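Raw target_33.txt, compact mmCIF, C-alpha atoms and all ligand atoms:
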# COMPACT_ATOMS: atom_id res chain seq x y z
CA MET B 1 156.99 103.54 60.96
CA ASN B 2 157.19 104.71 57.38
CA ARG B 3 154.04 106.78 57.16
CA GLU B 4 151.56 108.57 59.38
CA PRO B 5 148.47 106.66 60.52
CA VAL B 6 145.19 107.61 58.90
CA ALA B 7 142.10 107.62 61.12
CA ILE B 8 138.45 107.84 60.15
CA LEU B 9 136.31 109.23 62.94
CA TYR B 10 132.56 109.13 63.29
CA GLU B 11 131.66 110.60 66.67
CA PRO B 12 128.65 112.93 67.01
CA ARG B 13 129.75 114.32 70.39
CA ILE B 14 132.00 117.16 69.44
CA ASN B 15 133.95 117.17 72.70
CA TYR B 16 134.79 113.51 72.49
CA LEU B 17 135.70 113.95 68.85
CA ASN B 18 138.13 116.68 69.86
CA LEU B 19 139.56 114.61 72.65
CA TYR B 20 140.25 111.68 70.33
CA ARG B 21 141.75 113.87 67.65
CA LEU B 22 143.99 115.78 69.99
CA ASN B 23 145.43 112.65 71.52
CA LEU B 24 145.85 110.82 68.24
CA GLN B 25 147.50 113.80 66.70
CA VAL B 26 149.83 114.54 69.54
CA TYR B 27 150.82 110.98 70.41
CA VAL B 28 150.89 109.23 67.02
CA SER B 29 150.68 112.17 64.60
CA ALA B 30 147.62 110.73 62.91
CA LYS B 31 145.84 112.27 59.94
CA PHE B 32 142.06 112.44 60.09
CA ILE B 33 138.94 112.03 58.04
CA VAL B 34 135.94 113.12 60.07
CA CYS B 35 132.52 111.92 58.96
CA ARG B 36 129.27 113.55 59.96
CA LYS B 37 126.95 110.93 58.45
CA PHE B 38 127.03 107.19 58.39
CA ASP B 39 126.93 107.18 54.58
CA ASP B 40 130.04 109.35 54.52
CA LEU B 41 131.73 106.88 56.81
CA VAL B 42 130.97 104.05 54.41
CA TYR B 43 132.24 106.11 51.50
CA GLU B 44 135.49 107.05 53.23
CA ILE B 45 136.24 103.53 54.40
CA LYS B 46 135.71 102.29 50.87
CA ASN B 47 137.92 104.88 49.25
CA ASN B 48 140.83 105.20 51.65
CA GLU B 49 143.69 103.21 52.93
CA VAL B 50 142.97 103.56 56.61
CA ASP B 51 144.62 102.40 59.84
CA LEU B 52 142.02 103.26 62.42
CA ILE B 53 138.26 103.59 62.41
CA LEU B 54 136.53 105.04 65.41
CA MET B 55 132.76 105.13 65.39
CA ASN B 56 130.04 105.86 67.87
CA LEU B 57 126.70 104.30 66.99
CA ALA B 58 125.27 104.51 70.50
CA LYS B 59 122.46 106.81 69.48
CA GLU B 60 121.74 105.27 66.07
CA GLU B 61 119.10 102.90 64.81
CA LYS B 62 119.65 99.66 62.89
CA THR B 63 122.95 99.26 64.69
CA ASP B 64 123.55 95.67 63.72
CA GLU B 65 122.80 96.31 60.09
CA LYS B 66 125.42 99.05 60.13
CA LEU B 67 127.97 97.05 62.09
CA LYS B 68 127.58 94.13 59.70
CA LYS B 69 128.22 96.41 56.77
CA ILE B 70 131.38 97.95 58.23
CA ASN B 71 132.60 94.54 59.33
CA SER B 72 132.34 93.08 55.85
CA MET B 73 133.97 96.17 54.33
CA ILE B 74 136.95 95.70 56.61
CA GLN B 75 137.07 91.99 55.83
CA SER B 76 137.45 92.74 52.16
CA LYS B 77 140.46 95.01 52.71
CA THR B 78 143.96 93.62 52.30
CA GLU B 79 145.38 95.98 54.94
CA LYS B 80 142.85 95.83 57.76
CA PRO B 81 142.33 98.85 59.99
CA ILE B 82 141.77 98.65 63.74
CA CYS B 83 138.15 99.44 64.39
CA PHE B 84 136.77 100.66 67.72
CA VAL B 85 133.02 100.95 68.01
CA GLN B 86 130.78 102.33 70.69
CA ALA B 87 127.41 100.62 70.27
CA ALA B 88 124.97 98.31 71.99
CA THR B 89 124.89 94.87 70.40
CA ILE B 90 125.09 91.25 71.44
CA VAL B 91 126.50 90.10 68.12
CA ASN B 92 130.22 89.40 67.77
CA TYR B 93 131.92 90.98 64.78
CA SER B 94 135.29 89.57 63.82
CA GLU B 95 136.82 92.88 62.76
CA LEU B 96 135.25 95.22 65.31
CA GLN B 97 136.09 95.96 68.91
CA VAL B 98 132.65 96.86 70.20
CA SER B 99 131.88 98.29 73.61
CA ASP B 100 128.77 100.00 74.87
CA ALA B 101 130.83 102.38 77.00
CA ASP B 102 133.02 105.25 75.85
CA ILE B 103 136.08 104.18 73.97
CA LEU B 104 139.17 104.94 76.03
CA VAL B 105 141.64 107.36 74.49
CA LYS B 106 144.50 105.35 75.94
CA ASP B 107 143.33 102.14 74.26
CA ILE B 108 143.02 103.82 70.91
CA VAL B 109 146.35 105.56 71.07
CA SER B 110 148.22 102.50 72.28
CA SER B 111 146.73 100.13 69.71
CA VAL B 112 147.45 102.53 66.86
CA ALA B 113 150.98 103.00 68.16
CA GLN B 114 151.41 99.24 68.30
CA LYS B 115 150.00 98.66 64.82
CA MET B 116 152.17 101.36 63.31
CA ALA B 117 155.20 100.42 65.43
CA ILE B 118 155.35 103.91 66.89
CA THR B 119 157.37 104.23 70.08
CA ALA B 120 157.69 107.13 72.49
CA LYS B 121 161.32 107.41 71.36
CA HIS B 122 160.17 107.59 67.78
CA MET B 123 157.71 110.38 68.61
CA SER B 124 160.32 112.41 70.43
CA GLU B 125 162.75 112.02 67.52
CA LEU B 126 160.13 112.63 64.91
CA GLN B 127 161.17 115.35 62.52
CA VAL B 128 158.04 117.42 62.68
CA GLY B 129 159.59 120.66 61.57
CA GLU B 130 159.60 123.84 63.56
CA TYR B 131 155.85 124.36 63.27
CA TYR B 132 153.19 121.84 64.03
CA PRO B 133 149.83 121.87 62.23
CA ILE B 134 146.55 121.70 64.12
CA SER B 135 143.33 121.45 62.19
CA LEU B 136 141.03 124.33 62.96
CA ARG B 137 138.11 121.92 62.89
CA PHE B 138 138.78 120.78 66.41
CA VAL B 139 139.30 124.15 67.92
CA MET B 140 136.50 125.05 70.30
CA PRO B 141 135.43 128.62 70.91
CA GLY B 142 136.69 129.65 74.33
CA TRP B 143 139.91 127.71 73.99
CA GLN B 144 142.64 129.74 75.62
CA VAL B 145 145.92 128.95 73.92
CA ALA B 146 148.90 128.11 76.07
CA GLN B 147 151.34 129.19 73.36
CA ALA B 148 151.21 131.46 70.34
CA ILE B 149 149.27 130.19 67.35
CA TYR B 150 150.53 130.81 63.84
CA ARG B 151 149.25 130.85 60.29
CA LYS B 152 151.27 129.76 57.29
CA LYS B 153 151.58 132.48 54.70
CA LYS B 154 151.75 132.07 50.94
CA ASP B 155 155.52 132.46 50.94
CA ASN B 156 155.70 129.57 53.46
CA SER B 157 156.67 131.83 56.34
CA TYR B 158 154.65 131.85 59.57
CA SER B 159 152.99 134.73 61.33
CA VAL B 160 151.34 134.90 64.75
CA ILE B 161 147.56 135.08 64.60
CA LEU B 162 146.84 134.55 68.27
CA ASP B 163 149.20 135.43 71.09
CA LYS B 164 149.84 133.21 74.05
CA GLY B 165 147.02 133.48 76.57
CA LEU B 166 144.36 134.71 74.14
CA LEU B 167 141.08 132.98 73.36
CA PHE B 168 139.67 131.57 70.19
CA THR B 169 136.28 133.19 69.65
CA GLN B 170 133.57 131.82 67.39
CA VAL B 171 133.89 134.89 65.17
CA PHE B 172 137.63 134.40 64.79
CA ILE B 173 137.22 130.69 63.99
CA ASN B 174 134.63 131.54 61.32
CA GLU B 175 136.95 134.16 59.87
CA LEU B 176 139.77 131.66 59.53
CA GLY B 177 137.51 129.18 57.74
CA SER B 178 136.93 125.61 58.88
CA ASP B 179 139.33 123.86 56.53
CA THR B 180 142.41 125.82 57.59
CA ASP B 181 145.33 124.45 59.50
CA ILE B 182 146.74 126.59 62.25
CA TYR B 183 150.19 126.02 63.72
CA CYS B 184 152.02 126.03 66.99
CA LYS B 185 155.73 125.63 67.60
CA SER B 186 156.40 121.89 67.56
CA ILE B 187 158.09 121.92 70.94
CA HIS B 188 154.82 123.13 72.45
CA ARG B 189 152.51 120.55 70.96
CA LEU B 190 151.99 118.59 74.18
CA GLU B 191 150.87 121.75 75.87
CA ILE B 192 147.96 121.78 73.45
CA ILE B 193 146.37 118.98 75.45
CA ASN B 194 146.77 120.92 78.63
CA SER B 195 145.19 124.06 77.31
CA PHE B 196 142.33 121.98 75.98
CA THR B 197 141.96 120.64 79.51
CA ALA B 198 141.83 124.19 80.79
CA THR B 199 138.97 124.95 78.42
CA ILE B 200 136.83 122.21 79.88
CA LYS B 201 137.75 123.46 83.33
CA SER B 202 136.52 126.96 82.61
CA ILE B 203 133.26 125.62 81.21
CA LEU B 204 132.76 123.69 84.45
CA ASP B 205 133.48 126.80 86.48
CA GLN B 206 130.60 128.72 84.94
CA SER B 207 128.09 129.16 87.73
CA ASN B 208 124.94 129.18 85.60
CA LEU B 209 125.69 126.31 83.27
CA PRO B 210 122.43 124.44 82.50
CA ILE B 211 122.34 121.17 84.44
CA GLU B 212 122.31 118.95 81.34
CA GLU B 213 125.36 120.61 79.89
CA ARG B 214 127.05 120.51 83.26
CA PHE B 215 126.40 116.80 83.50
CA GLU B 216 127.88 116.17 80.07
CA GLN B 217 130.99 118.32 80.58
CA THR B 218 131.56 116.93 84.06
CA GLU B 219 131.61 113.42 82.75
CA ILE B 220 134.01 114.35 79.95
CA ALA B 221 136.32 115.90 82.51
CA PHE B 222 136.01 112.85 84.75
CA GLU B 223 137.02 110.58 81.86
CA LEU B 224 139.86 112.86 80.85
CA ILE B 225 141.22 112.80 84.40
CA THR B 226 140.99 109.01 84.55
CA GLU B 227 142.92 108.79 81.28
CA ALA B 228 145.52 111.23 82.46
CA VAL B 229 146.13 109.47 85.77
CA GLY B 230 147.12 106.30 83.96
CA VAL B 231 149.32 107.92 81.37
CA ILE B 232 150.99 110.88 82.97
CA ASP B 233 150.64 110.77 86.77
CA LEU B 234 149.04 113.88 88.14
CA PRO B 235 150.33 117.09 86.64
CA ASN B 236 149.00 120.38 87.99
CA GLU B 237 146.62 120.86 85.08
CA ILE B 238 144.89 117.62 85.95
CA ILE B 239 144.67 118.48 89.64
CA ASN B 240 143.15 121.83 88.77
CA LEU B 241 140.70 120.16 86.45
CA SER B 242 139.89 117.63 89.18
CA ARG B 243 139.04 120.43 91.58
CA ALA B 244 136.77 122.07 89.03
CA THR B 245 135.14 118.71 88.29
CA ILE B 246 134.53 118.04 91.98
CA ARG B 247 132.98 121.50 92.37
CA SER B 248 130.82 120.74 89.37
CA MET B 249 129.73 117.40 90.85
CA GLU B 250 128.84 119.18 94.07
CA LYS B 251 126.66 121.55 92.05
CA ILE B 252 124.95 118.64 90.30
CA VAL B 253 124.23 116.97 93.63
CA VAL B 254 122.62 120.15 94.99
CA GLN B 255 120.67 120.95 91.84
CA ILE B 256 119.35 117.49 91.08
CA PRO B 257 115.96 117.13 92.82
CA SER B 258 115.94 113.38 93.42
CA LEU B 259 117.75 110.12 92.97
CA ALA B 260 115.33 109.28 90.17
CA SER B 261 116.24 112.34 88.16
CA LEU B 262 119.94 111.78 88.77
CA TYR B 263 119.41 108.34 87.42
CA ARG B 264 117.58 109.59 84.35
CA SER B 265 120.58 111.80 83.57
CA PHE B 266 122.90 108.81 83.77
CA VAL B 267 120.76 106.90 81.31
CA LYS B 268 120.50 109.86 78.97
CA GLN B 269 124.26 110.43 78.91
CA ASN B 270 125.07 106.73 78.74
CA SER B 271 127.41 107.36 81.66
CA SER B 272 130.29 105.06 82.48
CA MET B 273 129.96 102.86 85.54
CA ARG B 274 132.89 104.66 87.17
CA PHE B 275 131.26 108.05 86.79
CA LYS B 276 127.90 106.78 88.03
CA HIS B 277 129.58 105.15 90.95
CA SER B 278 131.46 108.28 92.05
CA LEU B 279 128.54 110.65 91.61
CA LEU B 280 126.11 108.29 93.38
CA MET B 281 128.53 108.01 96.29
CA ILE B 282 128.66 111.80 96.60
CA TYR B 283 124.89 112.11 96.23
CA LEU B 284 123.92 109.36 98.68
CA GLY B 285 126.74 110.10 101.11
CA GLN B 286 125.31 113.50 101.92
CA PHE B 287 122.30 111.84 103.59
CA ILE B 288 124.59 110.02 106.00
CA ILE B 289 127.54 112.34 106.55
CA GLN B 290 125.31 115.30 107.39
CA LYS B 291 123.69 113.30 110.20
CA GLN B 292 126.97 112.64 111.99
CA SER B 293 127.66 114.79 115.05
CA TRP B 294 131.33 114.98 114.08
CA ASN B 295 130.62 116.33 110.61
CA THR B 296 132.35 119.60 109.68
CA PRO B 297 132.75 121.40 106.34
CA HIS B 298 136.20 119.79 106.15
CA ILE B 299 134.72 116.29 106.58
CA THR B 300 132.08 116.96 103.92
CA GLN B 301 134.82 118.11 101.57
CA GLN B 302 136.95 115.08 102.36
CA TRP B 303 133.96 112.92 101.53
CA THR B 304 133.47 114.46 98.09
CA TYR B 305 137.15 114.19 97.24
CA LEU B 306 137.22 110.61 98.50
CA CYS B 307 134.28 109.66 96.30
CA PHE B 308 135.85 111.34 93.30
CA PHE B 309 139.38 110.00 93.63
CA HIS B 310 139.05 106.61 95.32
CA ASP B 311 138.94 104.48 92.15
CA ILE B 312 140.49 107.00 89.75
CA ALA B 313 143.36 104.62 88.98
CA LEU B 314 140.88 102.04 87.69
CA ASP B 315 140.32 103.15 84.13
CA ARG B 316 137.95 100.38 83.06
CA ASP B 317 134.47 99.64 84.32
CA GLU B 318 135.24 95.92 84.52
CA TYR B 319 137.90 96.54 87.16
CA LEU B 320 135.14 97.65 89.52
CA ASP B 321 133.43 94.28 89.67
CA PHE B 322 135.55 92.84 92.46
CA GLU B 323 134.97 92.58 96.16
CA TYR B 324 137.41 89.82 97.13
CA ASP B 325 141.08 89.25 96.34
CA GLU B 326 140.46 85.63 95.39
CA ASP B 327 138.12 86.66 92.57
CA VAL B 328 140.71 89.07 91.22
CA LYS B 329 143.41 86.40 91.35
CA ASN B 330 141.17 83.90 89.56
CA SER B 331 140.11 86.36 86.88
CA ASP B 332 141.33 86.46 83.28
CA PHE B 333 143.04 89.81 83.70
CA SER B 334 146.80 90.10 83.17
CA SER B 335 149.11 90.15 86.17
CA VAL B 336 149.65 93.89 85.70
CA GLU B 337 145.91 94.46 85.78
CA LYS B 338 145.43 92.18 88.79
CA ASN B 339 148.13 94.11 90.60
CA LEU B 340 146.40 97.39 89.78
CA ILE B 341 143.01 96.15 91.00
CA LEU B 342 144.38 94.74 94.26
CA ASN B 343 146.56 97.75 95.04
CA HIS B 344 144.56 100.60 93.51
CA ALA B 345 143.84 102.12 96.92
CA GLN B 346 147.53 102.26 97.81
CA ILE B 347 148.57 103.42 94.32
CA THR B 348 146.08 106.29 94.31
CA ALA B 349 146.97 107.29 97.87
CA LYS B 350 150.62 107.54 96.84
CA LEU B 351 149.75 109.63 93.80
CA LEU B 352 147.82 112.07 95.95
CA ALA B 353 150.13 112.13 98.97
CA ASP B 354 152.27 114.97 97.61
CA VAL B 355 149.52 116.97 95.99
CA LYS B 356 148.92 120.33 97.63
CA ASP B 357 145.56 122.08 97.93
CA ILE B 358 143.47 118.98 98.43
CA PRO B 359 141.86 118.15 101.78
CA VAL B 360 144.41 117.11 104.40
CA GLY B 361 144.26 113.40 105.18
CA LEU B 362 142.65 112.44 101.90
CA ASP B 363 145.44 110.03 100.99
CA VAL B 364 144.89 108.05 104.18
CA LEU B 365 141.15 107.78 103.54
CA ILE B 366 141.79 106.63 99.98
CA LYS B 367 144.27 104.02 101.18
CA GLN B 368 141.65 102.63 103.57
CA HIS B 369 138.58 102.76 101.32
CA HIS B 370 138.34 98.97 101.02
CA GLY B 371 138.73 98.42 104.74
CA SER B 372 142.40 97.51 104.98
CA LYS B 373 144.93 99.79 106.60
CA MET B 374 147.52 99.56 103.84
CA GLY B 375 145.27 99.64 100.77
CA ASN B 376 146.79 96.51 99.29
CA THR B 377 143.82 94.17 99.54
CA LEU B 378 140.11 94.28 98.83
CA SER B 379 139.21 91.63 101.38
CA GLY B 380 140.73 92.93 104.61
CA VAL B 381 138.56 94.44 107.31
CA SER B 382 140.44 96.53 109.83
CA MET B 383 138.85 97.73 113.05
CA SER B 384 140.98 100.83 113.30
CA ILE B 385 140.18 102.71 110.12
CA SER B 386 138.52 106.12 110.00
CA PRO B 387 134.72 106.25 110.53
CA ILE B 388 134.46 108.09 107.19
CA CYS B 389 135.94 105.01 105.53
CA ILE B 390 133.52 102.74 107.37
CA ILE B 391 130.60 104.80 106.07
CA PHE B 392 132.22 104.70 102.68
CA ILE B 393 132.43 100.89 102.71
CA MET B 394 128.80 100.52 103.81
CA LEU B 395 127.67 102.91 101.11
CA GLU B 396 129.78 101.25 98.42
CA ASN B 397 128.04 98.00 99.25
CA TYR B 398 124.76 99.83 98.95
CA VAL B 399 125.64 101.44 95.61
CA HIS B 400 126.77 98.09 94.20
CA PHE B 401 123.45 96.64 95.25
CA PHE B 402 121.64 99.60 93.77
CA LEU B 403 123.38 99.12 90.42
CA SER B 404 123.13 95.32 90.45
CA LYS B 405 120.89 93.19 88.22
CA ASN B 406 121.45 95.49 85.29
CA GLU B 407 120.52 98.48 87.42
CA ALA B 408 116.89 97.40 87.71
CA PRO B 409 114.87 99.42 90.25
CA LYS B 410 114.83 97.75 93.67
CA THR B 411 111.66 97.16 95.67
CA THR B 412 111.31 98.42 99.24
CA LYS B 413 111.48 94.81 100.40
CA GLU B 414 114.70 94.18 98.49
CA ILE B 415 116.22 97.31 100.00
CA THR B 416 115.19 96.31 103.53
CA ASN B 417 116.56 92.80 103.07
CA PHE B 418 119.81 94.08 101.67
CA ILE B 419 120.35 96.39 104.63
CA GLU B 420 119.51 93.61 107.11
CA ASP B 421 122.09 91.35 105.43
CA LEU B 422 124.77 93.97 105.97
CA PHE B 423 124.46 93.40 109.74
CA ILE B 424 125.55 89.81 109.09
CA LYS B 425 128.28 90.76 106.64
CA PHE B 426 129.75 93.36 109.02
CA PRO B 427 129.06 92.09 112.57
CA PHE B 428 131.57 94.50 114.16
CA PRO B 429 130.16 97.21 116.47
CA ASN B 430 132.00 100.12 114.85
CA TYR B 431 130.77 99.04 111.40
CA LYS B 432 127.26 98.02 112.49
CA ARG B 433 126.44 101.35 114.03
CA PHE B 434 126.42 103.08 110.64
CA ILE B 435 124.15 100.60 108.87
CA PRO B 436 120.83 102.06 110.17
CA PHE B 437 121.67 105.34 108.41
CA LEU B 438 121.26 103.56 105.08
CA ARG B 439 117.57 103.12 105.91
CA SER B 440 117.04 106.86 105.80
CA ILE B 441 118.27 107.33 102.23
CA PRO B 442 115.31 108.59 100.23
CA ILE B 443 114.85 106.23 97.29
CA LYS B 444 112.16 107.14 94.85
CA TYR B 445 112.18 105.78 91.34
FE FE G 1 134.70 102.20 94.34
FE FE G 2 138.14 100.95 95.18
Could you quickly redo this structure as structure tokens?
Amino acid sequence: MNREPVAILYEPRINYLNLYRLNLQVYVSAKFIVCRKFDDLVYEIKNNEVDLILMNLAKEEKTDEKLKKINSMIQSKTEKPICFVQAATIVNYSELQVSDADILVKDIVSSVAQKMAITAKHMSELQVGEYYPISLRFVMPGWQVAQAIYRKKKDNSYSVILDKGLLFTQVFINELGSDTDIYCKSIHRLEIINSFTATIKSILDQSNLPIEERFEQTEIAFELITEAVGVIDLPNEIINLSRATIRSMEKIVVQIPSLASLYRSFVKQNSSMRFKHSLLMIYLGQFIIQKQSWNTPHITQQWTYLCFFHDIALDRDEYLDFEYDEDVKNSDFSSVEKNLILNHAQITAKLLADVKDIPVGLDVLIKQHHGSKMGNTLSGVSMSISPICIIFIMLENYVHFFLSKNEAPKTTKEITNFIEDLFIKFPFPNYKRFIPFLRSIPIKY
């Protein structure tokens, strides 16, 4: 790599913007141009040599008109940037990677690294100097810094402006001025991500957070955790954030008055399938788990953790579409991806086996959440798995049905038929006995 990548970002959601910038900066030392308006985006693309364009048009009008414009601008460039777009369209654009779901940090970082020939070795050997610049524009009020933050003085020396452990306040950020760079010691730059993580955690921990904001922050945390699991195993920061996220999901489930309003929130936030899936499992599960004579607070907690973690290793919505091994094997995914899909239960169970302070026995439940004892197949049905897992499997079937046909509302007749069919699909006594509980789930659209 002979120069730093330049990225143009157009993302109205400030938290996502921060997440993208932090990761791009820390992993590939990218430089940024952030655009607030679509016209600015056009202007910047035209006037810069750029390596990456990231834009979110999910909430915009005339999407295709805009996509067409950006596409032809890229076509006319000699050095073409990678362009990730979040938007709803059925048109194919040769230069754009369009998805209607959130763009994954991991995908962006790895494709930029590939384009610029940046390797992990390169990053670790990168001569970044003793101090590392962070643009103040992506500092959020409430961010507690994990290491001291510095300012560069006129004589090029550095002085501490915020000691380790202190918080950025809105007043302080305003005082510094939005175009300033602040600095941390270069050896601490990866910790920046972790302290950012901690900020989201503390927002989630606020007891009186309005439900809409809670929903939004919870989903951001959920996505961040999914990203982190793939890239860096499960460091303590992520486990702590997971706990806060689970608590926050529990609060959502209690506060949300009905399935219909939960669903409206999903639509409003344009939630990922994985988030919907986990939160629906927690929400609907309560109607069944609470009716079991063997339920205890520990079981209820196991249930929530199971719903949260079971598919956490699957970082793409498309990986969720499978019910049988054969379909995975015949799919177009790479062998690495196929292996991940088939073994995700076992992989996640292993990741969690050594983690302290999570419900005892969770790893076993996760391993068995597709019905096999070892967690290495989607198709196996074992008779000797935990009853919690059996409920889980029944409910997963139900949630898949619920979200099927483009998530169209289901009629009472469709629901009844679906439940009846489960008796045929699972003709085993210890499975069958839980099916009637599905009938009592209150569905109101
Ligand atoms: Fe699942
Ligand atoms: Fe799964």
**Message:** Neighbours of ligand FE 2 (chain G) at 10 Å or closer, counting only C-alpha atoms and all ligand atoms: which residues, as a VMD selection string?
**Reply:** chain B and resid 307 309 to 314 319 to 323 341 to 346 348 366 to 371 375 377 to 378 393 396
**Asked** Could you work out how far atom CA of B:Phe168 lies from atom CA of B:Lys152, giving the answer in Å with one decimal?
**Response** 17.4 Å
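Remark: for B:Ala244, the closest of the candidate residues B:Lys201, B:Lys106, B:Arg214, B:Lys276 is B:Lys201 (distances computed over all atoms listed in the file).
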**Item:** Neighbour list for B:Ala353 as a PyMOL selection string, cut-off 9 Å, all atoms listed in the file, skip fewer than 6 positions in-chain
**Value:** chain B and resi 361-364
**Prompt:** Restricting the calculation to all atoms listed in the file, which member of B:Ala30, B:Met374, B:Leu279, B:Ile211 is positioned closest to ligand FE 1 (chain G)?
**Reply:**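 That would be B:Leu279, the residue with the smallest distance to ligand FE 1 (chain G).
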**Message:** Calculated over all atoms listed in the file, which of the candidates B:Asn406, B:Leu96, B:Ile391, B:Tyr305 has the smallest distance to B:Lys432?
**Reply:**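 Comparing B:Asn406, B:Leu96, B:Ile391, B:Tyr305 against B:Lys432, the winner is B:Ile391.
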**Prompt:** What separation in Å, quoted to one decimal, exists between atom CA of B:Tyr398 and atom CA of B:Ile252?
**Reply:**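 Separation between atom CA of B:Tyr398 and atom CA of B:Ile252: 20.7 Å.
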**All residues 10 Å or closer to B:Pro133, all atoms listed in the file, same chain fewer than 2 positions away omitted, as a list of chain:residue names** =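 My reading of the contact set: B:Gln25, B:Val128, B:Gly129, B:Tyr131, B:Ser135, B:Leu136, B:Ile149, B:Tyr150, B:Arg151, B:Lys152, B:Thr180, B:Asp181, B:Ile182, B:Tyr183, B:Cys184, B:Lys185, B:Ser186, B:Arg189.
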**Message:** Just want the 10 Å neighbourhood of B:Ser271, counted on all atoms listed in the file, with same-chain residues fewer than 3 positions away dropped. Output as a ChimeraX atom specification.
**Reply:** /B:101-102,215-216,219-220,263,265-268,274-277
**Spatial neighbours of B:Phe437, max dist 10 Å, only C-alpha atoms, sep filter under 5 positions, as a list of chain:residue names** =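 Contacts, with the query itself left out: B:Phe287, B:Ile288, B:Ile289, B:Lys291, B:Gln292, B:Ile391, B:Met394, B:Leu395, B:Ile419.
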**Prompt:** Between atom CA of B:Pro5 and atom CA of B:Lys115, what is the distance, to one decimal in Å?
**Reply:**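 Computing it gives 9.2 Å between the two atoms.
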